[in-house]
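Taking it in order: structure first as structure tokens, then the write-up.
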Amino acid sequence: ASWALAVAAATPSSSMATSPVSPTTINRLKVKAQKAAANSEGEDEIQVEQRIYLSWIQRQLENEAACLQLPFTIIVLLSFSMLALLHLKQDVVFSVEQAIERDIMENANFAFEVNFGNKALVDVHSFADFWSWVRLGFIPLIIQPTWVTSERYVEDQLNFFGSNVGPNEQWTFGAYGSSSRAIPVTGDYLHYNRIIGGLRFQQQVTTMSDDLCKFPSSNAESREVWRQWYGKPCTPAWEELPFKPDSLDAEVFSHPERIEWMLTAFMSQEEMVAKAVDMETGCALVGSSGTDVTHN
């Protein structure tokens, strides 16, 4: 458009005298028109402020530095993971925990018929079931003062070898050295583990009050009738204490008020069972017989 205007301006009008235009003039006009077009295009380009451009450069440099640090970060992460696995041995700890949990869940049985226990921990649905599981399943499984032999060992020994001598209750292994104790040692568990201290029983006692009972009527007179009909205080409904707790609930109690210990170094299996019998009724049997049972 600029070139056309320049040519038009350089061309005389029809009313003026006509004169020939030289090719040099036309070429010069073309060059001027091209320069003008180039200048107009440059003016239409978007201009970027210097501070924005410098901030973009700074951001690019920071991203580059972060990318250069990534290999070192990966090396540190892998080194930490390897050191943790080799030092803490989480795989071994997890295997031992799973072995203990599986043994207790499957082999601590109650509701026996001869030598077969029909119920396990998952079948505990009442307070009586819990104490049956503790006395008949849990304590005999955890505390084994004598060496356990296979089923029908005495009968097969008599049939095949004509011997009615029972198996040894404890064994002394020469490979353990002359100072080793007879096996099993009270507190040994699954042959390769040792119970530290003993067995700890904790009980969380909930609050009880007549005011916590929710009766159909809020009238004081009707509420008193309902209270006499119900005949016992109520507990909070927000916490289902009689039901099976989760693992975290069993590990940490909010307010443990009753703690009882069965120490493996000072109590035999029979004394632990006797203490469990007394604990079932709130330790009401202490002193009523000659059994040496102590409570915390």
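Residue numbers start at 1 in each chain; chains themselves are named A, B, ... in the order of the structure tokens; ligands are numbered from 1 in the order shown.
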Hey, which bits of range 150-179 of chain A sit within 12 Å of range 184-194 of chain A, and for each residue what's the closest pair of atoms and how far apart in Å (one decimal), counting only C-alpha atoms, rows by chain and increasing number, as JSON lines?
{"residue": "A:Asn168", "atom": "CA", "partner": "A:Pro184", "partner_atom": "CA", "distance": 11.2}
{"residue": "A:Glu169", "atom": "CA", "partner": "A:Pro184", "partner_atom": "CA", "distance": 8.6}
{"residue": "A:Gln170", "atom": "CA", "partner": "A:Pro184", "partner_atom": "CA", "distance": 6.3}
{"residue": "A:Trp171", "atom": "CA", "partner": "A:Pro184", "partner_atom": "CA", "distance": 7.4}
{"residue": "A:Thr172", "atom": "CA", "partner": "A:Pro184", "partner_atom": "CA", "distance": 9.0}
{"residue": "A:Phe173", "atom": "CA", "partner": "A:Pro184", "partner_atom": "CA", "distance": 10.7}
Using CA of Lys275 in chain A and CA of Gln203 in chain A as the two end points, give the distance in Å to one decimal.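 Atom-to-atom, CA of Lys275 in chain A and CA of Gln203 in chain A are spaced 15.2 Å apart.
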